[in-house]
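Heads up: the structure comes next, in structure tokens.
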Amino acid sequence: MLQLIMLFAFGLILASAEANQSRFVNELDLPEIVQQLDALTKRFNDLEAKYNHGPIAFKASLTRAVSPGPNQRIIFDDVKLNLGNAYNHHLGGFVAPLNGTYLFSVYVCSAGGHYIALDLLRNSEIIGKVQAGDERYTACSSETTIDKLNAGDAVYVQHHGGSGDLVHVQEDILNSFTGSLLQVV
């Protein structure tokens, strides 16, 4: 890496000499060259971080019915996929490892006679909502959204309704929370 930058800097000096602007590196040129090398090193490191990462994606589901209280976070405890290890199943949240555009989806079901209202939040700001419920039958609903995140931003699902709401779980219904990095910015 350093060799590449040094070769580039040496090439700049030679290019100047070839253009009949023969200059020798002296004390006055050295700070300028160091500044240019620092700028190139930073740019290279930024590009390397942007493109040299593995995939970031997760999928988690609920293993049991949940009757959350007001503003309670929903913990999707059964992690099916966690590429990049950005989803924390103990806290039920995703923490963005990189600045980028991310896709999130929440799928939720409520048992007959119950309702459920959930918010998808980024650092306490609502970025999506999902509601499900029916007087007689199990009802399901989903929300999918795209959002720009900064590294360190947290995304999670939180109950929005009152007490008595129920997230219904049965063998063939997977209430889930998923997300993936679409593009680094």
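Numbering starts fresh at 1 for the residues of each chain in the structure tokens, the chains themselves are lettered A, B, ... in the order given, and ligands are numbered from 1 as they appear.
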Close residues, Ala60 (chain A) itself excluded, 8 Å, only C-alpha atoms, min 3 positions apart in chain, as a VMD selection string: chain A and resid 76 to 81 89 176 to 178
Write out as an mmCIF file with N, CA and C atoms, in the first residue's frame the set of residues from region 54-118 of chain A that DSSP, computed on the backbone, places in strand (DSSP E or B).
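Result file is out-v9.cif:
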```
data_model
loop_
_atom_site.group_PDB
_atom_site.id
_atom_site.type_symbol
_atom_site.label_atom_id
_atom_site.label_comp_id
_atom_site.auth_asym_id
_atom_site.auth_seq_id
_atom_site.Cartn_x
_atom_site.Cartn_y
_atom_site.Cartn_z
ATOM 1 N N ALA A 57 -26.605 -9.307 6.481
ATOM 2 C CA ALA A 57 -28.019 -9.666 6.370
ATOM 3 C C ALA A 57 -28.417 -10.482 7.592
ATOM 4 N N PHE A 58 -29.686 -10.366 7.983
ATOM 5 C CA PHE A 58 -30.167 -11.170 9.104
ATOM 6 C C PHE A 58 -31.631 -11.530 8.900
ATOM 7 N N LYS A 59 -32.026 -12.611 9.562
ATOM 8 C CA LYS A 59 -33.432 -13.002 9.646
ATOM 9 C C LYS A 59 -33.626 -13.652 11.006
ATOM 10 N N ALA A 60 -34.615 -13.150 11.745
ATOM 11 C CA ALA A 60 -34.926 -13.705 13.062
ATOM 12 C C ALA A 60 -36.436 -13.837 13.190
ATOM 13 N N SER A 61 -36.869 -14.833 13.947
ATOM 14 C CA SER A 61 -38.303 -15.048 14.137
ATOM 15 C C SER A 61 -38.607 -15.270 15.617
ATOM 16 N N VAL A 66 -46.274 -13.669 22.092
ATOM 17 C CA VAL A 66 -45.859 -12.546 22.928
ATOM 18 C C VAL A 66 -47.057 -11.635 23.148
ATOM 19 N N ARG A 73 -40.113 -3.530 23.444
ATOM 20 C CA ARG A 73 -39.383 -4.034 22.283
ATOM 21 C C ARG A 73 -39.729 -5.505 22.072
ATOM 22 N N ASP A 78 -35.203 -16.309 17.610
ATOM 23 C CA ASP A 78 -34.691 -17.435 16.830
ATOM 24 C C ASP A 78 -33.989 -16.907 15.575
ATOM 25 N N VAL A 79 -32.678 -16.816 15.651
ATOM 26 C CA VAL A 79 -31.894 -16.243 14.550
ATOM 27 C C VAL A 79 -31.665 -17.310 13.485
ATOM 28 N N LYS A 80 -32.218 -17.077 12.320
ATOM 29 C CA LYS A 80 -32.087 -18.006 11.191
ATOM 30 C C LYS A 80 -30.847 -17.691 10.355
ATOM 31 N N LEU A 81 -30.484 -16.407 10.303
ATOM 32 C CA LEU A 81 -29.351 -15.937 9.503
ATOM 33 C C LEU A 81 -28.809 -14.676 10.156
ATOM 34 N N ASN A 82 -27.480 -14.574 10.244
ATOM 35 C CA ASN A 82 -26.875 -13.367 10.821
ATOM 36 C C ASN A 82 -25.505 -13.126 10.190
ATOM 37 N N LEU A 83 -25.495 -12.840 8.896
ATOM 38 C CA LEU A 83 -24.244 -12.565 8.187
ATOM 39 C C LEU A 83 -23.727 -11.196 8.610
ATOM 40 N N TYR A 87 -26.993 -8.400 14.013
ATOM 41 C CA TYR A 87 -28.255 -8.552 14.750
ATOM 42 C C TYR A 87 -27.960 -9.154 16.121
ATOM 43 N N ASN A 88 -28.500 -8.529 17.173
ATOM 44 C CA ASN A 88 -28.314 -9.004 18.542
ATOM 45 C C ASN A 88 -29.629 -9.614 19.021
ATOM 46 N N GLY A 93 -32.330 -6.262 18.323
ATOM 47 C CA GLY A 93 -32.055 -5.138 17.435
ATOM 48 C C GLY A 93 -30.879 -5.372 16.509
ATOM 49 N N PHE A 94 -30.855 -4.589 15.455
ATOM 50 C CA PHE A 94 -29.798 -4.600 14.451
ATOM 51 C C PHE A 94 -29.003 -3.315 14.610
ATOM 52 N N VAL A 95 -27.673 -3.411 14.603
ATOM 53 C CA VAL A 95 -26.816 -2.229 14.659
ATOM 54 C C VAL A 95 -26.010 -2.184 13.366
ATOM 55 N N GLY A 100 -24.807 3.153 5.039
ATOM 56 C CA GLY A 100 -25.347 2.560 3.828
ATOM 57 C C GLY A 100 -26.851 2.611 3.744
ATOM 58 N N THR A 101 -27.344 2.048 2.653
ATOM 59 C CA THR A 101 -28.775 1.904 2.423
ATOM 60 C C THR A 101 -29.148 0.471 2.783
ATOM 61 N N TYR A 102 -30.142 0.332 3.655
ATOM 62 C CA TYR A 102 -30.546 -0.976 4.168
ATOM 63 C C TYR A 102 -32.021 -1.235 3.870
ATOM 64 N N LEU A 103 -32.364 -2.498 3.732
ATOM 65 C CA LEU A 103 -33.740 -2.946 3.550
ATOM 66 C C LEU A 103 -34.158 -3.710 4.811
ATOM 67 N N PHE A 104 -35.341 -3.386 5.347
ATOM 68 C CA PHE A 104 -35.874 -4.076 6.524
ATOM 69 C C PHE A 104 -37.299 -4.526 6.247
ATOM 70 N N SER A 105 -37.667 -5.656 6.857
ATOM 71 C CA SER A 105 -39.018 -6.176 6.717
ATOM 72 C C SER A 105 -39.463 -6.787 8.044
ATOM 73 N N VAL A 106 -40.731 -6.552 8.379
ATOM 74 C CA VAL A 106 -41.337 -7.139 9.575
ATOM 75 C C VAL A 106 -42.610 -7.849 9.137
ATOM 76 N N TYR A 107 -42.772 -9.093 9.564
ATOM 77 C CA TYR A 107 -43.975 -9.874 9.288
ATOM 78 C C TYR A 107 -44.537 -10.313 10.631
ATOM 79 N N VAL A 108 -45.821 -10.007 10.890
ATOM 80 C CA VAL A 108 -46.410 -10.293 12.197
ATOM 81 C C VAL A 108 -47.834 -10.812 12.041
ATOM 82 N N CYS A 109 -48.219 -11.705 12.948
ATOM 83 C CA CYS A 109 -49.574 -12.264 12.962
ATOM 84 C C CYS A 109 -50.195 -12.082 14.342
ATOM 85 N N SER A 110 -51.498 -11.888 14.340
ATOM 86 C CA SER A 110 -52.253 -11.754 15.579
ATOM 87 C C SER A 110 -53.362 -12.803 15.595
ATOM 88 N N HIS A 114 -57.732 -10.668 18.650
ATOM 89 C CA HIS A 114 -56.648 -9.813 19.156
ATOM 90 C C HIS A 114 -56.124 -8.932 18.021
ATOM 91 N N TYR A 115 -55.414 -7.907 18.406
ATOM 92 C CA TYR A 115 -54.778 -6.999 17.453
ATOM 93 C C TYR A 115 -53.348 -6.768 17.896
ATOM 94 N N ILE A 116 -52.528 -6.375 16.965
ATOM 95 C CA ILE A 116 -51.150 -6.015 17.299
ATOM 96 C C ILE A 116 -50.742 -4.842 16.419
ATOM 97 N N ALA A 117 -50.091 -3.868 17.015
ATOM 98 C CA ALA A 117 -49.570 -2.701 16.289
ATOM 99 C C ALA A 117 -48.105 -2.549 16.672
ATOM 100 N N LEU A 118 -47.238 -2.605 15.670
ATOM 101 C CA LEU A 118 -45.801 -2.527 15.906
ATOM 102 C C LEU A 118 -45.196 -1.388 15.100
#
```
Alpha helix (DSSP H) positions in chain A, given as a ChimeraX atom specification: /A:2-18,29-51
Would you mind exporting the chosen residues as a compact mmCIF listing (two decimals), in the first residue's frame, restricted to N, CA and C atoms?
```
# COMPACT_ATOMS: atom_id res chain seq x y z
N LEU A 2 1.83 1.31 0.96
CA LEU A 2 2.72 2.46 1.04
C LEU A 2 3.59 2.54 -0.21
N GLN A 3 4.01 1.37 -0.72
CA GLN A 3 4.81 1.35 -1.94
C GLN A 3 4.03 1.95 -3.11
N LEU A 4 2.76 1.64 -3.19
CA LEU A 4 1.91 2.16 -4.25
C LEU A 4 1.83 3.68 -4.17
N ILE A 5 1.66 4.20 -2.99
CA ILE A 5 1.58 5.65 -2.81
C ILE A 5 2.91 6.31 -3.13
N MET A 6 4.01 5.69 -2.70
CA MET A 6 5.34 6.25 -2.99
C MET A 6 5.60 6.25 -4.50
N LEU A 7 5.22 5.17 -5.18
CA LEU A 7 5.40 5.13 -6.63
C LEU A 7 4.58 6.22 -7.31
N PHE A 8 3.37 6.44 -6.82
CA PHE A 8 2.52 7.49 -7.37
C PHE A 8 3.17 8.86 -7.17
N ALA A 9 3.65 9.13 -5.97
CA ALA A 9 4.29 10.41 -5.68
C ALA A 9 5.55 10.59 -6.53
N PHE A 10 6.35 9.53 -6.68
CA PHE A 10 7.55 9.60 -7.50
C PHE A 10 7.18 9.86 -8.95
N GLY A 11 6.07 9.25 -9.39
CA GLY A 11 5.59 9.48 -10.76
C GLY A 11 5.20 10.92 -10.98
N LEU A 12 4.62 11.57 -9.97
CA LEU A 12 4.28 12.99 -10.09
C LEU A 12 5.53 13.84 -10.26
N ILE A 13 6.57 13.51 -9.52
CA ILE A 13 7.82 14.26 -9.62
C ILE A 13 8.44 14.06 -10.99
N LEU A 14 8.45 12.81 -11.48
CA LEU A 14 9.01 12.55 -12.81
C LEU A 14 8.20 13.22 -13.90
N ALA A 15 6.88 13.22 -13.76
CA ALA A 15 6.02 13.85 -14.76
C ALA A 15 6.33 15.34 -14.83
N SER A 16 6.57 15.96 -13.71
CA SER A 16 6.91 17.38 -13.70
C SER A 16 8.25 17.60 -14.39
N ALA A 17 9.20 16.70 -14.15
CA ALA A 17 10.53 16.84 -14.76
C ALA A 17 10.44 16.66 -16.27
N GLU A 18 9.61 15.72 -16.73
CA GLU A 18 9.48 15.47 -18.15
C GLU A 18 8.81 16.63 -18.87
N ASP A 29 9.02 21.59 -0.82
CA ASP A 29 8.12 20.67 -1.50
C ASP A 29 7.69 19.51 -0.60
N LEU A 30 8.50 19.15 0.36
CA LEU A 30 8.24 17.99 1.20
C LEU A 30 6.91 18.06 1.95
N PRO A 31 6.55 19.16 2.60
CA PRO A 31 5.24 19.20 3.28
C PRO A 31 4.07 19.01 2.30
N GLU A 32 4.20 19.56 1.10
CA GLU A 32 3.14 19.40 0.11
C GLU A 32 3.01 17.94 -0.31
N ILE A 33 4.14 17.27 -0.51
CA ILE A 33 4.12 15.86 -0.89
C ILE A 33 3.54 15.01 0.24
N VAL A 34 3.92 15.29 1.46
CA VAL A 34 3.39 14.55 2.61
C VAL A 34 1.88 14.76 2.72
N GLN A 35 1.43 15.98 2.49
CA GLN A 35 -0.01 16.27 2.54
C GLN A 35 -0.76 15.49 1.45
N GLN A 36 -0.19 15.45 0.25
CA GLN A 36 -0.81 14.70 -0.83
C GLN A 36 -0.83 13.20 -0.53
N LEU A 37 0.27 12.69 0.05
CA LEU A 37 0.32 11.28 0.43
C LEU A 37 -0.72 10.95 1.50
N ASP A 38 -0.87 11.84 2.47
CA ASP A 38 -1.88 11.64 3.52
C ASP A 38 -3.28 11.61 2.92
N ALA A 39 -3.56 12.52 2.00
CA ALA A 39 -4.87 12.57 1.36
C ALA A 39 -5.12 11.30 0.54
N LEU A 40 -4.11 10.85 -0.20
CA LEU A 40 -4.26 9.62 -0.98
C LEU A 40 -4.43 8.39 -0.08
N THR A 41 -3.70 8.35 1.02
CA THR A 41 -3.84 7.24 1.96
C THR A 41 -5.24 7.19 2.55
N LYS A 42 -5.77 8.35 2.94
CA LYS A 42 -7.13 8.41 3.50
C LYS A 42 -8.15 7.96 2.45
N ARG A 43 -8.00 8.45 1.24
CA ARG A 43 -8.94 8.08 0.18
C ARG A 43 -8.89 6.58 -0.10
N PHE A 44 -7.68 6.03 -0.14
CA PHE A 44 -7.52 4.59 -0.36
C PHE A 44 -8.17 3.79 0.77
N ASN A 45 -7.93 4.19 2.02
CA ASN A 45 -8.52 3.49 3.17
C ASN A 45 -10.04 3.57 3.15
N ASP A 46 -10.59 4.72 2.76
CA ASP A 46 -12.04 4.87 2.67
C ASP A 46 -12.62 3.93 1.60
N LEU A 47 -11.97 3.87 0.45
CA LEU A 47 -12.43 2.99 -0.62
C LEU A 47 -12.30 1.52 -0.22
N GLU A 48 -11.22 1.20 0.45
CA GLU A 48 -11.01 -0.18 0.90
C GLU A 48 -12.10 -0.59 1.88
N ALA A 49 -12.44 0.28 2.83
CA ALA A 49 -13.50 -0.01 3.81
C ALA A 49 -14.85 -0.15 3.12
N LYS A 50 -15.06 0.66 2.09
CA LYS A 50 -16.35 0.64 1.39
C LYS A 50 -16.57 -0.66 0.62
N TYR A 51 -15.52 -1.20 0.04
CA TYR A 51 -15.69 -2.35 -0.84
C TYR A 51 -15.17 -3.67 -0.28
```
Top pick for closest residue to Glu171 (chain A), considering A:Arg122, A:Thr63, A:Thr145, A:Tyr156 and counting only C-alpha atoms: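 Among the listed residues, the smallest separation from Glu171 (chain A) belongs to A:Thr63.
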